[in-house]
file final_5.pdb (PDB, C-alpha atoms, pLDDT in the B column)
ATOM      1  CA  MET Z  14      19.585 -31.483 -21.583  1.00 41.00           C
ATOM      2  CA  SER Z  15      17.352 -34.091 -20.080  1.00 43.00           C
ATOM      3  CA  ASP Z  16      13.590 -34.177 -20.595  1.00 44.00           C
ATOM      4  CA  ASP Z  17      13.020 -32.820 -17.063  1.00 48.00           C
ATOM      5  CA  GLU Z  18      15.235 -29.774 -17.696  1.00 47.00           C
ATOM      6  CA  THR Z  19      13.594 -29.108 -21.063  1.00 49.00           C
ATOM      7  CA  GLU Z  20      10.157 -29.329 -19.506  1.00 62.00           C
ATOM      8  CA  SER Z  21      11.077 -26.971 -16.640  1.00 74.00           C
ATOM      9  CA  ALA Z  22      12.736 -24.352 -18.836  1.00 84.00           C
ATOM     10  CA  PRO Z  23      10.334 -21.789 -20.295  1.00 85.00           C
ATOM     11  CA  THR Z  24      10.339 -21.399 -24.062  1.00 87.00           C
ATOM     12  CA  SER Z  25      11.650 -18.246 -25.717  1.00 89.00           C
ATOM     13  CA  ARG Z  26       8.048 -17.304 -26.549  1.00 91.00           C
ATOM     14  CA  MET Z  27       7.142 -17.569 -22.868  1.00 91.00           C
ATOM     15  CA  LEU Z  28      10.141 -15.471 -21.817  1.00 92.00           C
ATOM     16  CA  SER Z  29       9.303 -12.825 -24.402  1.00 93.00           C
ATOM     17  CA  TRP Z  30       5.713 -12.726 -23.149  1.00 94.00           C
ATOM     18  CA  ALA Z  31       6.959 -12.383 -19.556  1.00 94.00           C
ATOM     19  CA  ARG Z  32       9.177  -9.389 -20.467  1.00 95.00           C
ATOM     20  CA  ASN Z  33       6.374  -7.676 -22.395  1.00 95.00           C
ATOM     21  CA  SER Z  34       3.863  -8.379 -19.641  1.00 94.00           C
ATOM     22  CA  THR Z  35       6.275  -6.989 -17.047  1.00 94.00           C
ATOM     23  CA  ILE Z  36       6.725  -3.782 -19.000  1.00 94.00           C
ATOM     24  CA  TYR Z  37       2.977  -3.448 -19.518  1.00 95.00           C
ATOM     25  CA  ARG Z  38       2.189  -3.947 -15.823  1.00 94.00           C
ATOM     26  CA  LEU Z  39       4.897  -1.612 -14.545  1.00 93.00           C
ATOM     27  CA  GLU Z  40       3.907   1.108 -17.013  1.00 94.00           C
ATOM     28  CA  LYS Z  41       0.380   1.063 -15.592  1.00 94.00           C
ATOM     29  CA  ARG Z  42       1.289   1.228 -11.907  1.00 92.00           C
ATOM     30  CA  MET Z  43       4.048   0.751  -9.411  1.00 92.00           C
ATOM     31  CA  MET Z  44       4.250  -2.756  -7.962  1.00 94.00           C
ATOM     32  CA  THR Z  45       6.198  -4.626  -5.338  1.00 93.00           C
ATOM     33  CA  GLU Z  46       8.341  -7.625  -6.157  1.00 93.00           C
ATOM     34  CA  ARG Z  47       5.740 -10.013  -4.749  1.00 95.00           C
ATOM     35  CA  GLN Z  48       2.874  -8.355  -6.649  1.00 95.00           C
ATOM     36  CA  LEU Z  49       4.750  -8.679  -9.944  1.00 96.00           C
ATOM     37  CA  PHE Z  50       5.736 -12.279  -9.210  1.00 96.00           C
ATOM     38  CA  ASP Z  51       2.139 -13.205  -8.353  1.00 96.00           C
ATOM     39  CA  ALA Z  52       0.669 -11.381 -11.361  1.00 95.00           C
ATOM     40  CA  ILE Z  53       3.036 -13.018 -13.856  1.00 95.00           C
ATOM     41  CA  SER Z  54       2.460 -16.438 -12.278  1.00 95.00           C
ATOM     42  CA  ARG Z  55      -1.307 -16.068 -12.401  1.00 95.00           C
ATOM     43  CA  LYS Z  56      -1.391 -14.812 -15.997  1.00 95.00           C
ATOM     44  CA  ALA Z  57       1.114 -17.407 -17.240  1.00 94.00           C
ATOM     45  CA  LYS Z  58      -1.174 -20.175 -15.984  1.00 93.00           C
ATOM     46  CA  GLU Z  59      -4.070 -18.575 -17.896  1.00 93.00           C
ATOM     47  CA  LYS Z  60      -2.144 -17.844 -21.078  1.00 91.00           C
ATOM     48  CA  PHE Z  61      -0.155 -21.027 -21.630  1.00 90.00           C
ATOM     49  CA  GLN Z  62      -1.896 -24.381 -21.634  1.00 86.00           C
ATOM     50  CA  ASP Z  63       0.019 -27.326 -20.214  1.00 86.00           C
ATOM     51  CA  ILE Z  64       2.550 -25.083 -18.461  1.00 90.00           C
ATOM     52  CA  SER Z  65       4.351 -26.781 -15.587  1.00 91.00           C
ATOM     53  CA  SER Z  66       4.684 -25.233 -12.152  1.00 91.00           C
ATOM     54  CA  SER Z  67       8.469 -25.066 -12.573  1.00 92.00           C
ATOM     55  CA  GLN Z  68       7.996 -23.105 -15.814  1.00 93.00           C
ATOM     56  CA  VAL Z  69       5.609 -20.722 -14.059  1.00 93.00           C
ATOM     57  CA  GLN Z  70       8.173 -20.243 -11.295  1.00 94.00           C
ATOM     58  CA  ALA Z  71      10.978 -19.634 -13.816  1.00 94.00           C
ATOM     59  CA  LEU Z  72       8.853 -17.135 -15.783  1.00 94.00           C
ATOM     60  CA  ALA Z  73       7.936 -15.166 -12.680  1.00 94.00           C
ATOM     61  CA  GLU Z  74      11.544 -15.106 -11.492  1.00 95.00           C
ATOM     62  CA  SER Z  75      12.752 -13.938 -14.906  1.00 95.00           C
ATOM     63  CA  ALA Z  76      10.100 -11.183 -14.916  1.00 95.00           C
ATOM     64  CA  VAL Z  77      11.235  -9.923 -11.506  1.00 95.00           C
ATOM     65  CA  ARG Z  78      14.899 -10.102 -12.563  1.00 95.00           C
ATOM     66  CA  PHE Z  79      14.071  -8.189 -15.776  1.00 95.00           C
ATOM     67  CA  ALA Z  80      12.190  -5.518 -13.796  1.00 95.00           C
ATOM     68  CA  TYR Z  81      15.220  -5.009 -11.544  1.00 94.00           C
ATOM     69  CA  GLU Z  82      17.515  -4.838 -14.598  1.00 93.00           C
ATOM     70  CA  ILE Z  83      15.484  -2.023 -16.119  1.00 92.00           C
ATOM     71  CA  LYS Z  84      15.198  -0.381 -12.669  1.00 91.00           C
ATOM     72  CA  ALA Z  85      11.397  -0.452 -12.723  1.00 91.00           C
ATOM     73  CA  LEU Z  86      10.987  -2.338  -9.457  1.00 92.00           C
ATOM     74  CA  ASP Z  87      11.888  -0.825  -6.088  1.00 92.00           C
ATOM     75  CA  ASP Z  88      10.155  -1.917  -2.886  1.00 92.00           C
ATOM     76  CA  ASN Z  89      11.805   0.920  -0.916  1.00 93.00           C
ATOM     77  CA  ALA Z  90      10.362   3.588  -3.200  1.00 93.00           C
ATOM     78  CA  PHE Z  91       6.975   1.824  -3.209  1.00 94.00           C
ATOM     79  CA  ALA Z  92       6.897   1.805   0.606  1.00 95.00           C
ATOM     80  CA  GLU Z  93       7.900   5.464   0.899  1.00 95.00           C
ATOM     81  CA  ILE Z  94       5.367   6.643  -1.682  1.00 94.00           C
ATOM     82  CA  THR Z  95       2.594   4.539  -0.132  1.00 94.00           C
ATOM     83  CA  THR Z  96       3.434   5.899   3.319  1.00 95.00           C
ATOM     84  CA  ARG Z  97       3.414   9.550   2.223  1.00 94.00           C
ATOM     85  CA  SER Z  98       0.158   9.047   0.358  1.00 94.00           C
ATOM     86  CA  GLY Z  99      -1.421   7.251   3.303  1.00 94.00           C
ATOM     87  CA  VAL Z 100      -0.493   9.972   5.793  1.00 93.00           C
ATOM     88  CA  ARG Z 101      -1.804  12.682   3.452  1.00 93.00           C
ATOM     89  CA  SER Z 102      -5.113  10.835   3.170  1.00 93.00           C
ATOM     90  CA  GLY Z 103      -5.518  10.256   6.915  1.00 93.00           C
ATOM     91  CA  ARG Z 104      -4.339   6.670   7.368  1.00 95.00           C
ATOM     92  CA  SER Z 105      -2.641   5.597  10.577  1.00 94.00           C
ATOM     93  CA  ARG Z 106       0.821   4.050  10.771  1.00 94.00           C
ATOM     94  CA  ARG Z 107      -0.825   0.754  11.684  1.00 94.00           C
ATOM     95  CA  ALA Z 108      -3.120   0.823   8.622  1.00 94.00           C
ATOM     96  CA  ILE Z 109      -0.243   1.769   6.308  1.00 95.00           C
ATOM     97  CA  ALA Z 110       1.973  -0.985   7.737  1.00 95.00           C
ATOM     98  CA  GLN Z 111      -0.818  -3.507   7.204  1.00 94.00           C
ATOM     99  CA  LYS Z 112      -1.254  -2.406   3.583  1.00 94.00           C
ATOM    100  CA  LEU Z 113       2.493  -2.652   2.931  1.00 95.00           C
ATOM    101  CA  THR Z 114       2.562  -6.135   4.424  1.00 94.00           C
ATOM    102  CA  GLN Z 115      -0.344  -7.200   2.215  1.00 94.00           C
ATOM    103  CA  LYS Z 116       1.530  -5.911  -0.830  1.00 93.00           C
ATOM    104  CA  GLY Z 117       4.589  -8.001   0.066  1.00 93.00           C
ATOM    105  CA  VAL Z 118       6.927  -5.317   1.392  1.00 94.00           C
ATOM    106  CA  SER Z 119       9.361  -6.686   3.984  1.00 93.00           C
ATOM    107  CA  ARG Z 120       9.043  -5.587   7.605  1.00 93.00           C
ATOM    108  CA  ASP Z 121      12.409  -3.787   7.585  1.00 94.00           C
ATOM    109  CA  ILE Z 122      11.519  -1.717   4.525  1.00 94.00           C
ATOM    110  CA  ALA Z 123       8.080  -0.895   5.950  1.00 94.00           C
ATOM    111  CA  GLU Z 124       9.534   0.192   9.308  1.00 94.00           C
ATOM    112  CA  HIS Z 125      12.073   2.410   7.550  1.00 95.00           C
ATOM    113  CA  ALA Z 126       9.354   4.026   5.405  1.00 93.00           C
ATOM    114  CA  LEU Z 127       7.076   4.568   8.420  1.00 94.00           C
ATOM    115  CA  ALA Z 128       9.830   6.107  10.574  1.00 92.00           C
ATOM    116  CA  ASP Z 129       8.980   9.699   9.597  1.00 87.00           C
ATOM    117  CA  SER Z 130       5.188   9.355   9.509  1.00 89.00           C
ATOM    118  CA  ASP Z 131       3.155  11.316  12.043  1.00 89.00           C
ATOM    119  CA  ASP Z 132      -0.008   9.711  13.407  1.00 92.00           C
ATOM    120  CA  LEU Z 133      -1.274  12.958  14.935  1.00 93.00           C
ATOM    121  CA  TYR Z 134      -1.078  14.767  11.600  1.00 94.00           C
ATOM    122  CA  ALA Z 135      -2.811  11.870   9.809  1.00 94.00           C
ATOM    123  CA  ALA Z 136      -5.525  11.754  12.498  1.00 94.00           C
ATOM    124  CA  VAL Z 137      -6.199  15.477  12.032  1.00 94.00           C
ATOM    125  CA  VAL Z 138      -6.462  14.896   8.275  1.00 94.00           C
ATOM    126  CA  LEU Z 139      -8.978  12.107   8.920  1.00 94.00           C
ATOM    127  CA  ALA Z 140     -10.931  14.386  11.284  1.00 92.00           C
ATOM    128  CA  ARG Z 141     -11.071  17.077   8.595  1.00 92.00           C
ATOM    129  CA  LYS Z 142     -12.238  14.572   5.966  1.00 92.00           C
ATOM    130  CA  ARG Z 143     -14.954  13.170   8.202  1.00 90.00           C
ATOM    131  CA  ARG Z 144     -15.816  16.460   9.957  1.00 89.00           C
ATOM    132  CA  PHE Z 145     -14.905  15.063  13.380  1.00 88.00           C
ATOM    133  CA  GLY Z 146     -13.632  16.849  16.470  1.00 84.00           C
ATOM    134  CA  PRO Z 147     -12.547  20.406  15.720  1.00 87.00           C
ATOM    135  CA  PHE Z 148     -13.991  20.268  12.190  1.00 88.00           C
ATOM    136  CA  ARG Z 149     -17.503  19.372  13.351  1.00 84.00           C
ATOM    137  CA  ARG Z 150     -20.195  21.643  11.892  1.00 81.00           C
ATOM    138  CA  ASP Z 151     -22.453  21.838  14.903  1.00 74.00           C
ATOM    139  CA  ASP Z 152     -21.349  22.696  18.417  1.00 68.00           C
ATOM    140  CA  GLU Z 153     -23.782  20.235  19.992  1.00 68.00           C
ATOM    141  CA  VAL Z 154     -21.813  17.231  21.139  1.00 69.00           C
ATOM    142  CA  ASP Z 155     -23.492  14.413  22.960  1.00 76.00           C
ATOM    143  CA  GLU Z 156     -22.077  11.194  24.349  1.00 83.00           C
ATOM    144  CA  LYS Z 157     -23.334   9.175  21.377  1.00 85.00           C
ATOM    145  CA  ARG Z 158     -21.619  11.453  18.845  1.00 83.00           C
ATOM    146  CA  MET Z 159     -18.368  11.431  20.821  1.00 84.00           C
ATOM    147  CA  SER Z 160     -18.293   7.647  21.039  1.00 87.00           C
ATOM    148  CA  LYS Z 161     -19.066   7.361  17.315  1.00 88.00           C
ATOM    149  CA  GLU Z 162     -16.153   9.634  16.400  1.00 87.00           C
ATOM    150  CA  ILE Z 163     -13.684   7.962  18.774  1.00 89.00           C
ATOM    151  CA  SER Z 164     -14.764   4.553  17.431  1.00 91.00           C
ATOM    152  CA  ALA Z 165     -14.111   5.718  13.871  1.00 91.00           C
ATOM    153  CA  PHE Z 166     -10.565   6.685  14.854  1.00 92.00           C
ATOM    154  CA  ALA Z 167     -10.061   3.266  16.480  1.00 92.00           C
ATOM    155  CA  ARG Z 168     -11.348   1.446  13.374  1.00 92.00           C
ATOM    156  CA  ASN Z 169      -8.826   3.392  11.326  1.00 92.00           C
ATOM    157  CA  GLY Z 170      -5.945   2.200  13.513  1.00 92.00           C
ATOM    158  CA  TYR Z 171      -5.422   5.172  15.825  1.00 93.00           C
ATOM    159  CA  SER Z 172      -4.782   4.818  19.535  1.00 92.00           C
ATOM    160  CA  PHE Z 173      -7.320   6.026  22.084  1.00 91.00           C
ATOM    161  CA  ASP Z 174      -4.851   8.725  23.178  1.00 93.00           C
ATOM    162  CA  ILE Z 175      -4.554  10.226  19.677  1.00 93.00           C
ATOM    163  CA  ALA Z 176      -8.307  10.008  19.115  1.00 91.00           C
ATOM    164  CA  ASN Z 177      -8.949  11.912  22.360  1.00 89.00           C
ATOM    165  CA  ARG Z 178      -6.304  14.529  21.532  1.00 91.00           C
ATOM    166  CA  VAL Z 179      -7.845  15.225  18.131  1.00 90.00           C
ATOM    167  CA  TYR Z 180     -11.367  15.125  19.516  1.00 86.00           C
ATOM    168  CA  ALA Z 181     -10.514  17.728  22.191  1.00 86.00           C
ATOM    169  CA  MET Z 182      -8.528  20.060  19.887  1.00 89.00           C
ATOM    170  CA  SER Z 183      -9.606  23.531  18.944  1.00 89.00           C
ATOM    171  CA  ILE Z 184      -9.937  24.380  15.263  1.00 89.00           C
ATOM    172  CA  GLU Z 185      -6.887  26.677  15.551  1.00 91.00           C
ATOM    173  CA  ASP Z 186      -4.705  23.880  16.960  1.00 91.00           C
ATOM    174  CA  ALA Z 187      -5.876  21.494  14.256  1.00 90.00           C
ATOM    175  CA  GLU Z 188      -5.147  23.960  11.469  1.00 91.00           C
ATOM    176  CA  GLU Z 189      -1.732  24.683  12.976  1.00 91.00           C
ATOM    177  CA  ILE Z 190      -0.903  20.963  12.818  1.00 89.00           C
ATOM    178  CA  LEU Z 191      -2.089  20.793   9.212  1.00 89.00           C
ATOM    179  CA  ASP Z 192      -0.062  23.882   8.284  1.00 90.00           C
ATOM    180  CA  SER Z 193       3.070  22.467   9.944  1.00 85.00           C
ATOM    181  CA  ARG Z 194       3.469  20.110   6.978  1.00 75.00           C
TER     182      ARG Z 194
END
call {"tool": "encode", "arguments": {"input": "final_5.pdb", "output": "structure tokens"}}
result
Amino acid sequence: MSDDETESAPTSRMLSWARNSTIYRLEKRMMTERQLFDAISRKAKEKFQDISSSQVQALAESAVRFAYEIKALDDNAFAEITTRSGVRSGRSRRAIAQKLTQKGVSRDIAEHALADSDDLYAAVVLARKRRFGPFRRDDEVDEKRMSKEISAFARNGYSFDIANRVYAMSIEDAEEILDSR
């Protein structure tokens, strides 16, 4: 081995740390491939003094490979779980897709996970959480209140059409949509 190869190859201590750190991180919470890669890279730079960028790269790649070997890393499952959770908490398809993209999930995987999500159902959940539309406590609705509620739907990624549909719903229709799940 030349000096360049020796310098770029992580030591056995570094590789052991990367495996242990991977296990620790994935025990705490589910991560995407990019999140794990970034976390290992960031922590390796903090932990090991005088570590080269090629060693950081090799450590992060070995951590991701190790996570796949032990079947602890699955971007498809992460996307599906995040999507179901997002819909149940009132997030729009657009907001969920943005979150998946930020976490490093590929567009194809995100589109597949979002295929079964229902924006109308999620919008009704948001309306129930915020007491908008059919879940409003008082019957007095003025123009200011209506525009505030519709704006809140728009800020959360819903189209004007869905916001108007939820806003105009009766409580019975809204509860029927919630019960349909």
call {"tool": "residues_around", "arguments": {"input": "final_5.pdb", "residues": "Glu82 of chain Z", "least_positions_apart": "6", "cutoff": "12 Å", "atoms": "all atoms listed in the file", "output": "list in words"}}
result
Arg32, Thr35, Ile36, Ser75 and Ala76 of chain Z
call {"tool": "residues_around", "arguments": {"input": "final_5.pdb", "residues": "segment 99-110 of chain Z", "least_positions_apart": "5", "cutoff": "8 Å", "atoms": "only C-alpha atoms", "output": "list in words"}}
result
Ala123, Glu124, Leu127, Ser130, Asp131, Asp132, Tyr134, Ala135, Ala136, Val137, Val138, Leu139, Asn169, Gly170 and Tyr171 of chain Z
call {"tool": "residues_around", "arguments": {"input": "final_5.pdb", "residues": "segment 86-92 of chain Z", "least_positions_apart": "3", "cutoff": "9 Å", "atoms": "only C-alpha atoms", "output": "PyMOL selection string"}}
result
chain Z and resi 39+43-46+49+77+80-83+95-97+113+117-119+122-123+125-127
call {"tool": "atom_distance", "arguments": {"input": "final_5.pdb", "atom1": "atom CA of Ser160 of chain Z", "atom2": "atom CA of Gln111 of chain Z"}}
result
24.9 Å
call {"tool": "closest_residue", "arguments": {"input": "final_5.pdb", "among": "Z:Ser21, Z:Ser34, Z:Thr114, Z:Ser183", "to": "Phe79 of chain Z", "atoms": "all atoms listed in the file"}}
result
Z:Ser34
call {"tool": "closest_residue", "arguments": {"input": "final_5.pdb", "among": "Z:Arg26, Z:Arg55, Z:Arg144, Z:Lys60", "to": "Ile184 of chain Z", "atoms": "all atoms listed in the file"}}
result
Z:Arg144
call {"tool": "residues_around", "arguments": {"input": "final_5.pdb", "residues": "Lys116 of chain Z", "least_positions_apart": "4", "cutoff": "8 Å", "atoms": "only C-alpha atoms", "output": "PyMOL selection string"}}
result
chain Z and resi 45+47-48+112
call {"tool": "atom_distance", "arguments": {"input": "final_5.pdb", "atom1": "atom CA of Ala73 of chain Z", "atom2": "atom CA of Ile94 of chain Z"}}
result
24.6 Å
call {"tool": "atom_distance", "arguments": {"input": "final_5.pdb", "atom1": "atom CA of Arg42 of chain Z", "atom2": "atom CA of Lys142 of chain Z"}}
result
26.1 Å
call {"tool": "closest_residue", "arguments": {"input": "final_5.pdb", "among": "Z:Phe173, Z:Arg149, Z:Ala167, Z:Glu156", "to": "Ala187 of chain Z", "atoms": "all atoms listed in the file"}}
result
Z:Arg149
call {"tool": "residues_around", "arguments": {"input": "final_5.pdb", "residues": "Lys58 of chain Z", "least_positions_apart": "6", "cutoff": "10 Å", "atoms": "all atoms listed in the file", "output": "NGL selection string"}}
result
:Z and (64-66 or 68-69)
call {"tool": "axis_aligned_box", "arguments": {"input": "final_5.pdb", "around": "segment 22-34 of chain Z", "padding_each_side": "3 Å", "output": "JSON"}}
result
{"center_x": 8.3, "center_y": -16.0, "center_z": -22.7, "size_x": 14.9, "size_y": 22.7, "size_z": 13.7}
call {"tool": "closest_residue", "arguments": {"input": "final_5.pdb", "among": "Z:Lys84, Z:Arg194, Z:Arg141, Z:Lys56", "to": "Leu72 of chain Z", "atoms": "all atoms listed in the file"}}
result
Z:Lys56
call {"tool": "closest_residue", "arguments": {"input": "final_5.pdb", "among": "Z:Asn33, Z:Arg158, Z:Asp192, Z:Phe145", "to": "Ala176 of chain Z", "atoms": "only C-alpha atoms"}}
result
Z:Phe145
call {"tool": "closest_residue", "arguments": {"input": "final_5.pdb", "among": "Z:Phe50, Z:Ile163, Z:Asp174, Z:Trp30", "to": "Arg143 of chain Z", "atoms": "all atoms listed in the file"}}
result
Z:Ile163
call {"tool": "build_atoms", "arguments": {"input": "final_5.pdb", "residues": "segment 35-67 of chain Z", "atoms": "N, CA and C atoms", "output": "PDB file, in the frame of the given file"}}
result
ATOM      1  N   THR Z  35       5.654  -7.757 -18.132  1.00 94.00           N
ATOM      2  CA  THR Z  35       6.275  -6.989 -17.047  1.00 94.00           C
ATOM      3  C   THR Z  35       6.284  -5.503 -17.382  1.00 94.00           C
ATOM      4  N   ILE Z  36       6.696  -5.189 -18.575  1.00 94.00           N
ATOM      5  CA  ILE Z  36       6.725  -3.782 -19.000  1.00 94.00           C
ATOM      6  C   ILE Z  36       5.319  -3.190 -18.960  1.00 94.00           C
ATOM      7  N   TYR Z  37       4.359  -3.915 -19.491  1.00 95.00           N
ATOM      8  CA  TYR Z  37       2.977  -3.448 -19.518  1.00 95.00           C
ATOM      9  C   TYR Z  37       2.465  -3.164 -18.103  1.00 95.00           C
ATOM     10  N   ARG Z  38       2.691  -4.105 -17.192  1.00 94.00           N
ATOM     11  CA  ARG Z  38       2.189  -3.947 -15.823  1.00 94.00           C
ATOM     12  C   ARG Z  38       2.864  -2.785 -15.099  1.00 94.00           C
ATOM     13  N   LEU Z  39       4.172  -2.658 -15.267  1.00 93.00           N
ATOM     14  CA  LEU Z  39       4.897  -1.612 -14.545  1.00 93.00           C
ATOM     15  C   LEU Z  39       4.697  -0.233 -15.161  1.00 93.00           C
ATOM     16  N   GLU Z  40       4.275  -0.177 -16.420  1.00 94.00           N
ATOM     17  CA  GLU Z  40       3.907   1.108 -17.013  1.00 94.00           C
ATOM     18  C   GLU Z  40       2.598   1.611 -16.423  1.00 94.00           C
ATOM     19  N   LYS Z  41       1.693   0.680 -16.110  1.00 94.00           N
ATOM     20  CA  LYS Z  41       0.380   1.063 -15.592  1.00 94.00           C
ATOM     21  C   LYS Z  41       0.433   1.541 -14.155  1.00 94.00           C
ATOM     22  N   ARG Z  42       1.204   0.835 -13.303  1.00 92.00           N
ATOM     23  CA  ARG Z  42       1.289   1.228 -11.907  1.00 92.00           C
ATOM     24  C   ARG Z  42       2.517   0.621 -11.265  1.00 92.00           C
ATOM     25  N   MET Z  43       2.910   1.229 -10.173  1.00 92.00           N
ATOM     26  CA  MET Z  43       4.048   0.751  -9.411  1.00 92.00           C
ATOM     27  C   MET Z  43       3.653  -0.522  -8.657  1.00 92.00           C
ATOM     28  N   MET Z  44       4.534  -1.487  -8.628  1.00 94.00           N
ATOM     29  CA  MET Z  44       4.250  -2.756  -7.962  1.00 94.00           C
ATOM     30  C   MET Z  44       5.423  -3.147  -7.072  1.00 94.00           C
ATOM     31  N   THR Z  45       5.129  -4.042  -6.137  1.00 93.00           N
ATOM     32  CA  THR Z  45       6.198  -4.626  -5.338  1.00 93.00           C
ATOM     33  C   THR Z  45       6.679  -5.882  -6.058  1.00 93.00           C
ATOM     34  N   GLU Z  46       7.789  -6.399  -5.571  1.00 93.00           N
ATOM     35  CA  GLU Z  46       8.341  -7.625  -6.157  1.00 93.00           C
ATOM     36  C   GLU Z  46       7.330  -8.764  -6.069  1.00 93.00           C
ATOM     37  N   ARG Z  47       6.698  -8.919  -4.917  1.00 95.00           N
ATOM     38  CA  ARG Z  47       5.740 -10.013  -4.749  1.00 95.00           C
ATOM     39  C   ARG Z  47       4.515  -9.834  -5.644  1.00 95.00           C
ATOM     40  N   GLN Z  48       4.032  -8.596  -5.789  1.00 95.00           N
ATOM     41  CA  GLN Z  48       2.874  -8.355  -6.649  1.00 95.00           C
ATOM     42  C   GLN Z  48       3.186  -8.741  -8.093  1.00 95.00           C
ATOM     43  N   LEU Z  49       4.364  -8.353  -8.574  1.00 96.00           N
ATOM     44  CA  LEU Z  49       4.750  -8.679  -9.944  1.00 96.00           C
ATOM     45  C   LEU Z  49       4.891 -10.191 -10.105  1.00 96.00           C
ATOM     46  N   PHE Z  50       5.555 -10.831  -9.163  1.00 96.00           N
ATOM     47  CA  PHE Z  50       5.736 -12.279  -9.210  1.00 96.00           C
ATOM     48  C   PHE Z  50       4.386 -12.986  -9.269  1.00 96.00           C
ATOM     49  N   ASP Z  51       3.467 -12.583  -8.395  1.00 96.00           N
ATOM     50  CA  ASP Z  51       2.139 -13.205  -8.353  1.00 96.00           C
ATOM     51  C   ASP Z  51       1.345 -12.950  -9.632  1.00 96.00           C
ATOM     52  N   ALA Z  52       1.430 -11.727 -10.151  1.00 95.00           N
ATOM     53  CA  ALA Z  52       0.669 -11.381 -11.361  1.00 95.00           C
ATOM     54  C   ALA Z  52       1.170 -12.176 -12.565  1.00 95.00           C
ATOM     55  N   ILE Z  53       2.478 -12.270 -12.728  1.00 95.00           N
ATOM     56  CA  ILE Z  53       3.036 -13.018 -13.856  1.00 95.00           C
ATOM     57  C   ILE Z  53       2.692 -14.508 -13.714  1.00 95.00           C
ATOM     58  N   SER Z  54       2.803 -15.026 -12.509  1.00 95.00           N
ATOM     59  CA  SER Z  54       2.460 -16.438 -12.278  1.00 95.00           C
ATOM     60  C   SER Z  54       1.010 -16.721 -12.636  1.00 95.00           C
ATOM     61  N   ARG Z  55       0.129 -15.867 -12.152  1.00 95.00           N
ATOM     62  CA  ARG Z  55      -1.307 -16.068 -12.401  1.00 95.00           C
ATOM     63  C   ARG Z  55      -1.621 -15.991 -13.896  1.00 95.00           C
ATOM     64  N   LYS Z  56      -1.086 -14.987 -14.575  1.00 95.00           N
ATOM     65  CA  LYS Z  56      -1.391 -14.812 -15.997  1.00 95.00           C
ATOM     66  C   LYS Z  56      -0.729 -15.883 -16.863  1.00 95.00           C
ATOM     67  N   ALA Z  57       0.439 -16.351 -16.463  1.00 94.00           N
ATOM     68  CA  ALA Z  57       1.114 -17.407 -17.240  1.00 94.00           C
ATOM     69  C   ALA Z  57       0.279 -18.679 -17.230  1.00 94.00           C
ATOM     70  N   LYS Z  58      -0.324 -18.984 -16.083  1.00 93.00           N
ATOM     71  CA  LYS Z  58      -1.174 -20.175 -15.984  1.00 93.00           C
ATOM     72  C   LYS Z  58      -2.400 -20.035 -16.895  1.00 93.00           C
ATOM     73  N   GLU Z  59      -2.914 -18.810 -17.026  1.00 93.00           N
ATOM     74  CA  GLU Z  59      -4.070 -18.575 -17.896  1.00 93.00           C
ATOM     75  C   GLU Z  59      -3.679 -18.607 -19.372  1.00 93.00           C
ATOM     76  N   LYS Z  60      -2.534 -18.026 -19.687  1.00 91.00           N
ATOM     77  CA  LYS Z  60      -2.144 -17.844 -21.078  1.00 91.00           C
ATOM     78  C   LYS Z  60      -1.634 -19.126 -21.737  1.00 91.00           C
ATOM     79  N   PHE Z  61      -0.802 -19.854 -21.032  1.00 90.00           N
ATOM     80  CA  PHE Z  61      -0.155 -21.027 -21.630  1.00 90.00           C
ATOM     81  C   PHE Z  61      -0.795 -22.313 -21.106  1.00 90.00           C
ATOM     82  N   GLN Z  62      -1.325 -23.089 -22.028  1.00 86.00           N
ATOM     83  CA  GLN Z  62      -1.896 -24.381 -21.634  1.00 86.00           C
ATOM     84  C   GLN Z  62      -0.748 -25.353 -21.382  1.00 86.00           C
ATOM     85  N   ASP Z  63      -0.963 -26.276 -20.518  1.00 86.00           N
ATOM     86  CA  ASP Z  63       0.019 -27.326 -20.214  1.00 86.00           C
ATOM     87  C   ASP Z  63       1.348 -26.761 -19.704  1.00 86.00           C
ATOM     88  N   ILE Z  64       1.323 -25.637 -19.021  1.00 90.00           N
ATOM     89  CA  ILE Z  64       2.550 -25.083 -18.461  1.00 90.00           C
ATOM     90  C   ILE Z  64       2.794 -25.739 -17.100  1.00 90.00           C
ATOM     91  N   SER Z  65       4.030 -26.113 -16.854  1.00 91.00           N
ATOM     92  CA  SER Z  65       4.351 -26.781 -15.587  1.00 91.00           C
ATOM     93  C   SER Z  65       4.576 -25.729 -14.497  1.00 91.00           C
ATOM     94  N   SER Z  66       4.484 -26.173 -13.266  1.00 91.00           N
ATOM     95  CA  SER Z  66       4.684 -25.233 -12.152  1.00 91.00           C
ATOM     96  C   SER Z  66       6.116 -24.720 -12.114  1.00 91.00           C
ATOM     97  N   SER Z  67       7.077 -25.541 -12.541  1.00 92.00           N
ATOM     98  CA  SER Z  67       8.469 -25.066 -12.573  1.00 92.00           C
ATOM     99  C   SER Z  67       8.652 -24.008 -13.664  1.00 92.00           C
TER     100      SER Z  67
END
